[in-house]
Amino acid sequence: MVKFSACFPGQGSQKKMMAIDLYNNSKSVRELFELASDATKIDVYSLLASSDESTLQRTENTQVAITVANRSVATVLKEGGITFSSTAGFSLGELSAYAEAKVIGEKELFEIVKTRGILMAEASKNNQEVGMAAVVGIGFDKVNHLLKASGAENLYLSNDNSPYQVVIAGYSSEIERYTELLKKEGAKRVITLRVSGPFHTPYMQTSQNEFASFLEDYTFSDAQIPLYLNVTGELEKEGNKIKQSAIKQLTQAVRWTSIMQKVVEDNNVDVALEVGPGKVLNGLWKNSGQSVECHSLESYDEIQKFIEEL
């Protein structure tokens, strides 16, 4: 039996009309849209189908919209007989993985995502002077060592995307100051990113504290399938530890490279599936050098073709 790993994309993968074709072709997806609308008090159909680009890119909207799209793709895949042997999600996508592993229910997922998005949007407004940049050509451990050894202050690693790409965050002047050092030590490029906030860094500490208070009323169950966490890059089953990781994730780096390596080492995947909009995770899998393929599935036709060819 083929072991599929559900990998859910995060913020940045959004696009207008995502998941609308799934809505049109699946009663279960229409029911999911209704549940998400009730939980968030947002008309999610209108958000995905009618919003202009600027509205959809607002963090408080983006996080709800992508989560609806992620869970819609998962729903249609399961309607077609696909079952997942493991799961993970990139940044925001990790919350979709919680639902896939039955750690939280779909209603709770959308409630939590809505509040997470609002808190992160507010923190972003308070940190507008902070920028982010992709460092291409060297990996997480080397960049981390270089920044610590050179005494960089207020500059943090945000994303460990692949063995040859990481994201750093800090004051723009700080990023500029260390760009030449990074290039001297092997970085091919240091690319300024257009992002809405310094996610996964200590700049999000206030949001993390408020998110922790919000989650006090929620129970996280033990994972029903292998679930890999951003904060550690490791497998975790215990619900309370997953809950603490969901909180810590706001200020700590996404260890996606470690997740890709670990899920393969643990023999919990034969084929990785990018379950949601875009092809970001597909690209990171290719760049990682892993032997396992990753297929991006977001449209109804793509999903049906994939199932037919199995």
# chains A, B, ... in the order shown; residues from 1 in each chain; ligands from 1
$ residues_around --residues "range 92-97 of chain A" --least-positions-apart "4" --cutoff "7 Å" --atoms "only C-alpha atoms" --output "PyMOL selection string"
chain A and resi 8-11+63+67+70-71+87-88+101+109
$ write_last_selection --atoms "N, CA and C atoms" --output "mmCIF file, in the first residue's frame"
data_model
loop_
_atom_site.group_PDB
_atom_site.id
_atom_site.type_symbol
_atom_site.label_atom_id
_atom_site.label_comp_id
_atom_site.auth_asym_id
_atom_site.auth_seq_id
_atom_site.Cartn_x
_atom_site.Cartn_y
_atom_site.Cartn_z
ATOM 1 N N PHE A 8 0.716 20.362 3.924
ATOM 2 C CA PHE A 8 -0.175 21.499 3.708
ATOM 3 C C PHE A 8 0.618 22.797 3.592
ATOM 4 N N PRO A 9 0.407 23.567 2.506
ATOM 5 C CA PRO A 9 1.129 24.828 2.328
ATOM 6 C C PRO A 9 0.638 25.911 3.281
ATOM 7 N N GLY A 10 1.437 26.967 3.388
ATOM 8 C CA GLY A 10 1.111 28.058 4.294
ATOM 9 C C GLY A 10 0.915 29.374 3.578
ATOM 10 N N GLN A 11 0.997 30.449 4.348
ATOM 11 C CA GLN A 11 0.751 31.794 3.832
ATOM 12 C C GLN A 11 1.738 32.120 2.713
ATOM 13 N N GLN A 63 -5.026 33.673 6.156
ATOM 14 C CA GLN A 63 -4.895 32.447 6.936
ATOM 15 C C GLN A 63 -6.172 31.626 6.917
ATOM 16 N N THR A 67 -6.469 27.970 4.714
ATOM 17 C CA THR A 67 -6.880 26.801 5.493
ATOM 18 C C THR A 67 -8.127 26.160 4.886
ATOM 19 N N ASN A 70 -6.842 24.309 1.820
ATOM 20 C CA ASN A 70 -6.112 23.102 2.213
ATOM 21 C C ASN A 70 -7.055 21.966 2.591
ATOM 22 N N ARG A 71 -8.015 22.295 3.440
ATOM 23 C CA ARG A 71 -8.913 21.254 3.927
ATOM 24 C C ARG A 71 -9.868 20.787 2.815
ATOM 25 N N THR A 87 1.456 13.312 8.187
ATOM 26 C CA THR A 87 1.095 14.662 7.786
ATOM 27 C C THR A 87 2.010 15.695 8.426
ATOM 28 N N ALA A 88 2.108 16.841 7.758
ATOM 29 C CA ALA A 88 2.863 17.995 8.243
ATOM 30 C C ALA A 88 2.338 19.208 7.499
ATOM 31 N N ALA A 101 -4.719 15.000 11.428
ATOM 32 C CA ALA A 101 -4.304 13.993 12.410
ATOM 33 C C ALA A 101 -5.298 13.857 13.559
ATOM 34 N N LEU A 109 -10.444 24.131 14.267
ATOM 35 C CA LEU A 109 -9.377 24.585 13.383
ATOM 36 C C LEU A 109 -9.656 25.988 12.871
#
$ residues_around --residues "range 224-238 of chain A" --least-positions-apart "6" --cutoff "9 Å" --atoms "only C-alpha atoms" --output "ChimeraX atom specification"
/A:84-91,94,97-98,100-103,245-246,248-249,252-263,268
$ write_last_selection --atoms "C-alpha atoms" --output "CSV table (one decimal), in the first residue's frame"
chain,number,residue,atom,x,y,z
A,84,PHE,CA,-2.7,9.7,4.5
A,85,SER,CA,-0.1,7.8,6.5
A,86,SER,CA,1.5,10.9,7.9
A,87,THR,CA,1.1,14.7,7.8
A,88,ALA,CA,2.9,18.0,8.2
A,89,GLY,CA,2.3,21.6,7.3
A,90,PHE,CA,4.5,24.6,6.5
A,91,SER,CA,3.9,27.4,9.0
A,94,GLU,CA,0.6,22.9,10.2
A,97,ALA,CA,-2.2,19.0,9.6
A,98,TYR,CA,-3.6,19.1,13.2
A,100,GLU,CA,-5.8,15.8,9.4
A,101,ALA,CA,-4.3,14.0,12.4
A,102,LYS,CA,-7.5,14.5,14.5
A,103,VAL,CA,-5.7,16.6,17.0
A,245,SER,CA,4.4,23.7,19.7
A,246,ALA,CA,1.5,25.5,18.1
A,248,LYS,CA,5.9,28.4,20.1
A,249,GLN,CA,5.7,28.3,16.3
A,252,GLN,CA,10.5,30.0,16.4
A,253,ALA,CA,11.8,29.0,13.0
A,254,VAL,CA,10.0,26.6,10.6
A,255,ARG,CA,12.3,23.6,10.4
A,256,TRP,CA,10.9,22.3,7.0
A,257,THR,CA,14.2,20.7,5.9
A,258,SER,CA,14.2,18.6,9.0
A,259,ILE,CA,10.6,17.5,8.4
A,260,MET,CA,11.3,16.4,4.9
A,261,GLN,CA,14.4,14.4,6.0
A,262,LYS,CA,12.7,12.9,9.0
A,263,VAL,CA,9.5,11.8,7.3
A,268,ASN,CA,6.3,7.3,6.8
$ closest_residue --among "A:Ala99, A:Ala223, A:Val64, A:Val29" --to "Glu79 in chain A" --atoms "only C-alpha atoms"
A:Val29
$ select_by_dssp --residues "range 28-112 of chain A" --states "strand (DSSP E)" --output "PyMOL selection string"
chain A and resi 84-89
$ residues_around --residues "Ala69 in chain A" --least-positions-apart "2" --cutoff "12 Å" --atoms "only C-alpha atoms" --output "NGL selection string"
:A and (8-11 or 13-23 or 29-30 or 32-33 or 36 or 44-45 or 47-49 or 62-67 or 71-76 or 93 or 96 or 110 or 274-278 or 297-300)
$ atom_distance --atom1 "CA of His295 in chain A" --atom2 "CA of Gly283 in chain A"
9.8 Å
$ closest_residue --among "A:Leu215, A:Val292, A:Ala39, A:Val130" --to "Arg194 in chain A" --atoms "only C-alpha atoms"
A:Val130
$ closest_residue --among "A:Thr83, A:Ile112, A:Val166, A:Thr201" --to "Asn154 in chain A" --atoms "only C-alpha atoms"
A:Thr201
$ select_by_dssp --residues "range 78-203 of chain A" --states "alpha helix (DSSP H)" --output "JSON, numbers by chain"
{"A": [78, 79, 93, 94, 95, 96, 97, 98, 99, 100, 106, 107, 108, 109, 110, 111, 112, 113, 114, 115, 116, 117, 118, 119, 120, 121, 122, 123, 124, 125, 140, 141, 142, 143, 144, 145, 146, 147, 148, 149, 172, 173, 174, 175, 176, 177, 178, 179, 180, 181, 182, 183, 184]}
$ closest_residue --among "A:Asn24, A:Ser172, A:Ser5, A:Thr115" --to "Asn61 in chain A" --atoms "only C-alpha atoms"
A:Thr115
$ atom_distance --atom1 "CA of Asn287 in chain A" --atom2 "CA of Glu176 in chain A"
25.9 Å
$ decode --residues "range 143-157 of chain A" --atoms "C-alpha atoms" --output "short mmCIF file (atom, residue, chain, number, x, y, z; two decimals), in the first residue's frame"
data_model
loop_
_atom_site.label_atom_id
_atom_site.label_comp_id
_atom_site.auth_asym_id
_atom_site.auth_seq_id
_atom_site.Cartn_x
_atom_site.Cartn_y
_atom_site.Cartn_z
CA VAL A 143 23.66 30.68 8.56
CA ASN A 144 22.83 30.26 12.24
CA HIS A 145 26.52 29.79 13.08
CA LEU A 146 27.60 32.78 10.99
CA LEU A 147 25.09 35.13 12.60
CA LYS A 148 25.95 34.02 16.13
CA ALA A 149 29.72 34.09 15.52
CA SER A 150 29.56 37.58 14.04
CA GLY A 151 27.52 38.95 16.94
CA ALA A 152 24.40 39.80 14.92
CA GLU A 153 21.71 41.28 17.14
CA ASN A 154 18.00 41.46 16.36
CA LEU A 155 18.48 39.23 13.32
CA TYR A 156 16.82 35.83 13.38
CA LEU A 157 16.32 32.74 11.26
#
